[in-house]
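**Student:** Quick one: structure below, then a few questions.
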Amino acid sequence: KNTISEQKIDAAGLILDPNAKTTLAFVDNDETGDRSFSFYRKPGADMMLREDEVNYELIDNCCIFHFGSLSMTDEPVRSATYAMIDYAKKKNKIISFDPNLRPPLWESEDLAAKQIWYGIEQCDILKIADNEIEWLTGTNDYDKGIEIIRQRTHAKLINVTLGPNGSIAYYGGLKVFMEPYLNKDTIETTGAGDTFGACALHAVLKHGLDNLTEEDLKEMLQFANAAASLITTKKGALRVMPEEKEIKELINTY
């Protein structure tokens with residue numbers, strides 16, 4: 001560990017670690033539109049968060065605690081993530097998880113599977129991609145994959161994203177499919193899954209997680225699919241997420 005004398009202090013009084021990089025993700029799109037990822041990390045600043053540095057007030061003031069597997073690839077952030085999940089549970093927050101599998105960031109597939117199963121076992125809401133189901137359960141039959149996952153989770157709502165083929169919501173005995181909003185202006189898909197997930201959580205904040213109807217689920221998927229479609233028409237991810245007005249306009253004109 002670096003001593004204070006080896007570190008620099010920036011204008012805001014934050015300690016800068018010369019050995020920790022600002023993590024960068026590089027996305028390559030092939031001629032079919034499929035993506036591959038490479039990362040500038042190891043160690044990245046996002047990996048260095050310690051349990052004693054967590055701001056628990058942020059969890060106190062939230063309704064939903066959302067996390068992904070990228071904060072569980074390495075220590076000390078893995079232990080910090082575990083601590084935040086435990087705290088959120090004690091505070092009766094809704095727990096949301098997105099595996100967001102990125103194989104290059106893991107030491108091994110076994111470790112990735114172990115941590116992703118841990119996340120699945122903790123959550124109330126699971127957003128998972130079709131390829132992640134196949135990787136995790138060994139089947140490309142989504143219904144069978146969800147059966148396997150449900151044996152190890154108490155998640156009330158499981159949303160499966162199917163890329164250009166739409167999405168499915170599993171809730172209790174309900175299974176709801178929604179067609180995609182295919183867009184002729186699509187240039188890349190980076191951020192589509194995160195946009196979908198955020199919109200699904202928006203619906204949960206609106207309706208709650210108990211007693212959702214088939215209509216509620218259809219509305220959720222329609223909104224999330226439309227938003228995911230819009231982000232594929234712009235380069236980038238977080239900074240180009242669509243506003244609610246844009247999403248509703250697409251739904252009304254599609």
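By order in the structure tokens, chains are A, B, ...; within a chain, residues start at 1; ligands start at 1, following the order shown.
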Just want the 7 Å neighbourhood of Lys93 in chain A, counted on only C-alpha atoms, with same-chain residues fewer than 2 positions away dropped. Output as a list of chain:residue names.
**Tutor:**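 Everything that qualifies: A:Cys63, A:Ile64, A:Phe65, A:Ala88, A:Lys89, A:Lys91, A:Ile95.
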**Student:** Identify all residues of range 21-166 of chain A in strand (DSSP E or B) (DSSP on the backbone) and supply them as a PyMOL selection string.
**Tutor:** chain A and resi 21+24-29+35-40+44+64-68+94-98+125-129+157-161
**Student:** Filtering to C-alpha atoms, could you give me those residues as a compact mmCIF listing (two decimals), in the first residue's frame?
**Tutor:**
```txt
# COMPACT_ATOMS: atom_id res chain seq x y z
CA LYS A 21 -5.77 3.73 -13.24
CA LEU A 24 -11.56 2.56 -19.37
CA ALA A 25 -13.61 0.20 -21.52
CA PHE A 26 -12.91 -0.12 -25.24
CA VAL A 27 -15.73 -1.51 -27.36
CA ASP A 28 -15.17 -3.01 -30.79
CA ASN A 29 -18.14 -3.62 -33.09
CA ARG A 35 -19.33 -6.31 -29.53
CA SER A 36 -16.09 -7.29 -27.89
CA PHE A 37 -14.60 -5.52 -24.89
CA SER A 38 -11.09 -4.74 -23.74
CA PHE A 39 -10.26 -2.84 -20.57
CA TYR A 40 -7.64 -0.50 -19.12
CA GLY A 44 -8.44 0.48 -11.66
CA ILE A 64 -33.48 0.47 -4.63
CA PHE A 65 -29.88 -0.69 -4.20
CA HIS A 66 -28.52 -1.79 -7.57
CA PHE A 67 -25.21 -3.53 -8.18
CA GLY A 68 -23.41 -5.59 -10.81
CA ILE A 94 -35.08 -3.47 -2.70
CA ILE A 95 -31.98 -5.21 -4.07
CA SER A 96 -31.39 -5.20 -7.85
CA PHE A 97 -28.64 -7.11 -9.67
CA ASP A 98 -27.29 -7.18 -13.23
CA ILE A 125 -34.89 -7.93 -9.06
CA LEU A 126 -32.66 -9.65 -11.61
CA LYS A 127 -31.87 -8.31 -15.06
CA ILE A 128 -30.01 -10.91 -17.11
CA ALA A 129 -29.12 -11.22 -20.81
CA LEU A 157 -38.94 -10.07 -10.83
CA ILE A 158 -36.58 -11.50 -13.44
CA ASN A 159 -36.14 -9.61 -16.69
CA VAL A 160 -34.40 -11.28 -19.63
CA THR A 161 -33.04 -9.15 -22.44
```
**Student:** Could you jot down the CA of Val204 in chain A to CA of Tyr170 in chain A separation for me, Å, one decimal place?
**Tutor:**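 Computing it gives 13.9 Å between the two atoms.
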**Student:** I want to know what sits within 12 Å of Asn211 in chain A, based on only C-alpha atoms, with residues of the same chain fewer than 2 positions away left out; could you give that as a PyMOL selection string?
**Tutor:** chain A and resi 156-157+171-174+204+207-209+213-217
**Student:** Any chance you could export the current selection's N, CA and C atoms as a short mmCIF file (atom, residue, chain, number, x, y, z; two decimals), in the first residue's frame?
**Tutor:**
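File part_1.cif, as written:
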```
data_model
loop_
_atom_site.label_atom_id
_atom_site.label_comp_id
_atom_site.auth_asym_id
_atom_site.auth_seq_id
_atom_site.Cartn_x
_atom_site.Cartn_y
_atom_site.Cartn_z
N LYS A 156 -38.18 -11.62 -7.01
CA LYS A 156 -39.60 -11.58 -7.40
C LYS A 156 -39.77 -11.29 -8.88
N LEU A 157 -38.85 -10.49 -9.43
CA LEU A 157 -38.94 -10.07 -10.83
C LEU A 157 -37.64 -10.41 -11.54
N TYR A 171 -42.51 -13.12 -13.51
CA TYR A 171 -42.97 -12.60 -12.22
C TYR A 171 -44.03 -13.54 -11.67
N GLY A 172 -43.71 -14.23 -10.57
CA GLY A 172 -44.65 -15.21 -10.06
C GLY A 172 -44.93 -16.25 -11.14
N GLY A 173 -46.20 -16.46 -11.43
CA GLY A 173 -46.58 -17.40 -12.48
C GLY A 173 -46.71 -16.76 -13.84
N LEU A 174 -46.41 -15.46 -13.93
CA LEU A 174 -46.55 -14.74 -15.19
C LEU A 174 -45.26 -14.77 -16.01
N VAL A 204 -40.60 -0.14 -11.28
CA VAL A 204 -40.75 -0.65 -9.92
C VAL A 204 -40.95 0.50 -8.93
N HIS A 207 -44.67 1.42 -9.48
CA HIS A 207 -45.72 0.47 -9.11
C HIS A 207 -45.40 -0.36 -7.86
N GLY A 208 -44.15 -0.35 -7.40
CA GLY A 208 -43.76 -1.25 -6.33
C GLY A 208 -43.40 -2.61 -6.89
N LEU A 209 -43.07 -3.54 -6.01
CA LEU A 209 -42.64 -4.87 -6.45
C LEU A 209 -43.67 -5.94 -6.10
N THR A 213 -49.29 -6.60 -12.13
CA THR A 213 -50.21 -7.26 -13.06
C THR A 213 -49.51 -7.50 -14.40
N GLU A 214 -50.15 -8.29 -15.24
CA GLU A 214 -49.61 -8.52 -16.58
C GLU A 214 -49.50 -7.21 -17.34
N GLU A 215 -50.46 -6.33 -17.14
CA GLU A 215 -50.43 -5.03 -17.81
C GLU A 215 -49.27 -4.18 -17.32
N ASP A 216 -49.00 -4.24 -16.01
CA ASP A 216 -47.85 -3.51 -15.45
C ASP A 216 -46.55 -3.99 -16.10
N LEU A 217 -46.43 -5.29 -16.26
CA LEU A 217 -45.22 -5.87 -16.84
C LEU A 217 -45.08 -5.50 -18.32
#
```
**Student:** When you count only C-alpha atoms, which of these residues is closest to Ile168 in chain A: A:Thr195, A:Asn225, A:Asp110, A:His202?
**Tutor:**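 Once distances to Ile168 in chain A are computed over only C-alpha atoms, the minimum belongs to A:Asn225.
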**Student:** Need the shell around Lys90 in chain A: protein/DNA/RNA residues with any atom at most 12 Å away, counting only C-alpha atoms. Skip same-chain ones fewer than 6 positions apart. Format as a PyMOL selection string?
**Tutor:** chain A and resi 56+59-60+65+83-84
**Student:** Can I get the selected residues back with all heavy atoms, as a tab-separated table (two decimals), in the first residue's frame?
**Tutor:**
```tsv
chain	number	residue	atom	x	y	z
A	56	TYR	N	-22.57	5.19	3.58
A	56	TYR	CA	-23.82	4.46	3.80
A	56	TYR	C	-25.04	5.36	3.77
A	56	TYR	O	-26.17	4.88	3.65
A	56	TYR	CB	-23.74	3.68	5.12
A	56	TYR	CG	-22.80	2.50	5.03
A	56	TYR	CD1	-21.51	2.58	5.54
A	56	TYR	CD2	-23.19	1.30	4.44
A	56	TYR	CE1	-20.63	1.50	5.44
A	56	TYR	CE2	-22.33	0.23	4.34
A	56	TYR	CZ	-21.05	0.33	4.85
A	56	TYR	OH	-20.19	-0.73	4.74
A	59	ILE	N	-27.11	4.83	0.76
A	59	ILE	CA	-28.04	3.69	0.82
A	59	ILE	C	-29.25	4.04	1.68
A	59	ILE	O	-30.38	3.67	1.36
A	59	ILE	CB	-27.32	2.44	1.36
A	59	ILE	CG1	-26.12	2.10	0.46
A	59	ILE	CG2	-28.28	1.25	1.45
A	59	ILE	CD1	-25.28	0.95	0.94
A	60	ASP	N	-29.01	4.78	2.76
A	60	ASP	CA	-30.13	5.21	3.62
A	60	ASP	C	-31.18	5.97	2.81
A	60	ASP	O	-32.38	5.86	3.07
A	60	ASP	CB	-29.62	6.13	4.74
A	60	ASP	CG	-28.82	5.38	5.79
A	60	ASP	OD1	-29.04	4.17	5.96
A	60	ASP	OD2	-27.96	6.02	6.44
A	65	PHE	N	-31.34	-0.56	-4.14
A	65	PHE	CA	-29.88	-0.69	-4.20
A	65	PHE	C	-29.55	-1.60	-5.37
A	65	PHE	O	-29.91	-2.77	-5.38
A	65	PHE	CB	-29.33	-1.27	-2.89
A	65	PHE	CG	-27.84	-1.48	-2.93
A	65	PHE	CD1	-26.97	-0.42	-2.69
A	65	PHE	CD2	-27.30	-2.73	-3.21
A	65	PHE	CE1	-25.59	-0.60	-2.75
A	65	PHE	CE2	-25.93	-2.92	-3.27
A	65	PHE	CZ	-25.07	-1.85	-3.04
A	83	ALA	N	-20.54	-5.72	1.93
A	83	ALA	CA	-20.97	-4.92	3.08
A	83	ALA	C	-22.15	-4.03	2.72
A	83	ALA	O	-23.09	-3.88	3.51
A	83	ALA	CB	-19.79	-4.08	3.59
A	84	MET	N	-22.12	-3.45	1.52
A	84	MET	CA	-23.22	-2.59	1.10
A	84	MET	C	-24.51	-3.38	0.91
A	84	MET	O	-25.60	-2.90	1.27
A	84	MET	CB	-22.84	-1.86	-0.19
A	84	MET	CG	-21.83	-0.75	0.00
A	84	MET	SD	-21.50	0.18	-1.52
A	84	MET	CE	-20.28	-0.87	-2.30
```
**Student:** Give me, please, the distance in Å between CA of Leu16 in chain A and CA of Asn100 in chain A, quoted to one decimal.
**Tutor:**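 So the two atoms, CA of Leu16 in chain A and CA of Asn100 in chain A, lie 28.1 Å apart.
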**Student:** Rounded to one decimal, what separation in Å do you get between CA of Glu109 in chain A and CA of Glu121 in chain A?
**Tutor:**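 About the pair CA of Glu109 in chain A and CA of Glu121 in chain A: they are 18.1 Å apart.
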**Student:** Would you kindly return, as a list of chain:residue names, each protein, DNA or RNA residue with an atom no farther than 12 Å from any atom of Glu53 in chain A, considering only C-alpha atoms and excluding same-chain residues fewer than 5 positions away?
**Tutor:**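 Neighbouring residues, sequence-local ones excluded: A:Met48, A:Pro76, A:Val77, A:Ser79, A:Ala80, A:Thr81, A:Ala83, A:Met84.
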**Student:** Those selected residues, please, written with N, CA, C and O atoms and delivered as a JSON list (two decimals), in the first residue's frame.
**Tutor:**
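Saved to again26.json:
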```json
[["chain", "number", "residue", "atom", "x", "y", "z"],
["A", 48, "MET", "N", -10.54, -0.20, -6.01],
["A", 48, "MET", "CA", -9.82, 0.12, -4.79],
["A", 48, "MET", "C", -10.71, 0.56, -3.63],
["A", 48, "MET", "O", -10.22, 0.81, -2.53],
["A", 76, "PRO", "N", -10.13, -4.71, -2.85],
["A", 76, "PRO", "CA", -11.05, -4.72, -1.71],
["A", 76, "PRO", "C", -12.50, -4.39, -2.05],
["A", 76, "PRO", "O", -13.36, -4.47, -1.19],
["A", 77, "VAL", "N", -12.79, -4.04, -3.32],
["A", 77, "VAL", "CA", -14.14, -3.60, -3.63],
["A", 77, "VAL", "C", -15.15, -4.73, -3.50],
["A", 77, "VAL", "O", -16.34, -4.49, -3.25],
["A", 79, "SER", "N", -15.34, -6.99, -1.06],
["A", 79, "SER", "CA", -15.81, -6.96, 0.33],
["A", 79, "SER", "C", -16.65, -5.73, 0.61],
["A", 79, "SER", "O", -17.62, -5.78, 1.37],
["A", 80, "ALA", "N", -16.30, -4.61, -0.01],
["A", 80, "ALA", "CA", -17.10, -3.40, 0.16],
["A", 80, "ALA", "C", -18.50, -3.61, -0.42],
["A", 80, "ALA", "O", -19.50, -3.17, 0.17],
["A", 81, "THR", "N", -18.59, -4.31, -1.54],
["A", 81, "THR", "CA", -19.89, -4.60, -2.15],
["A", 81, "THR", "C", -20.72, -5.50, -1.26],
["A", 81, "THR", "O", -21.92, -5.26, -1.04],
["A", 83, "ALA", "N", -20.54, -5.72, 1.93],
["A", 83, "ALA", "CA", -20.97, -4.92, 3.08],
["A", 83, "ALA", "C", -22.15, -4.03, 2.72],
["A", 83, "ALA", "O", -23.09, -3.88, 3.51],
["A", 84, "MET", "N", -22.12, -3.45, 1.52],
["A", 84, "MET", "CA", -23.22, -2.59, 1.10],
["A", 84, "MET", "C", -24.51, -3.38, 0.91],
["A", 84, "MET", "O", -25.60, -2.90, 1.27]]
```
**Student:** Residues of range 15-224 of chain A classed as helix (DSSP H, G or I) by DSSP on the backbone are to be reported as a PyMOL selection string.
**Tutor:** chain A and resi 45-47+51-53+56-60+69-72+77-90+103-105+109-122+130-137+142-150+163-165+192-207+214-224
**Student:** Choose the residue, out of A:Val54, A:Ala226, A:Leu101, A:Ile146, that has the smallest atom-to-atom separation from Ser69 in chain A; count only C-alpha atoms.
**Tutor:**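 Closest to Ser69 in chain A, using only C-alpha atoms: A:Leu101.
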**Student:** Could you check the closest approach to Leu221 in chain A for each of A:Lys234, A:Leu250, A:Gly191, A:Glu179 and tell me which residue wins, using only C-alpha atoms?
**Tutor:**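 Distance minimum relative to Leu221 in chain A lands on A:Glu179.
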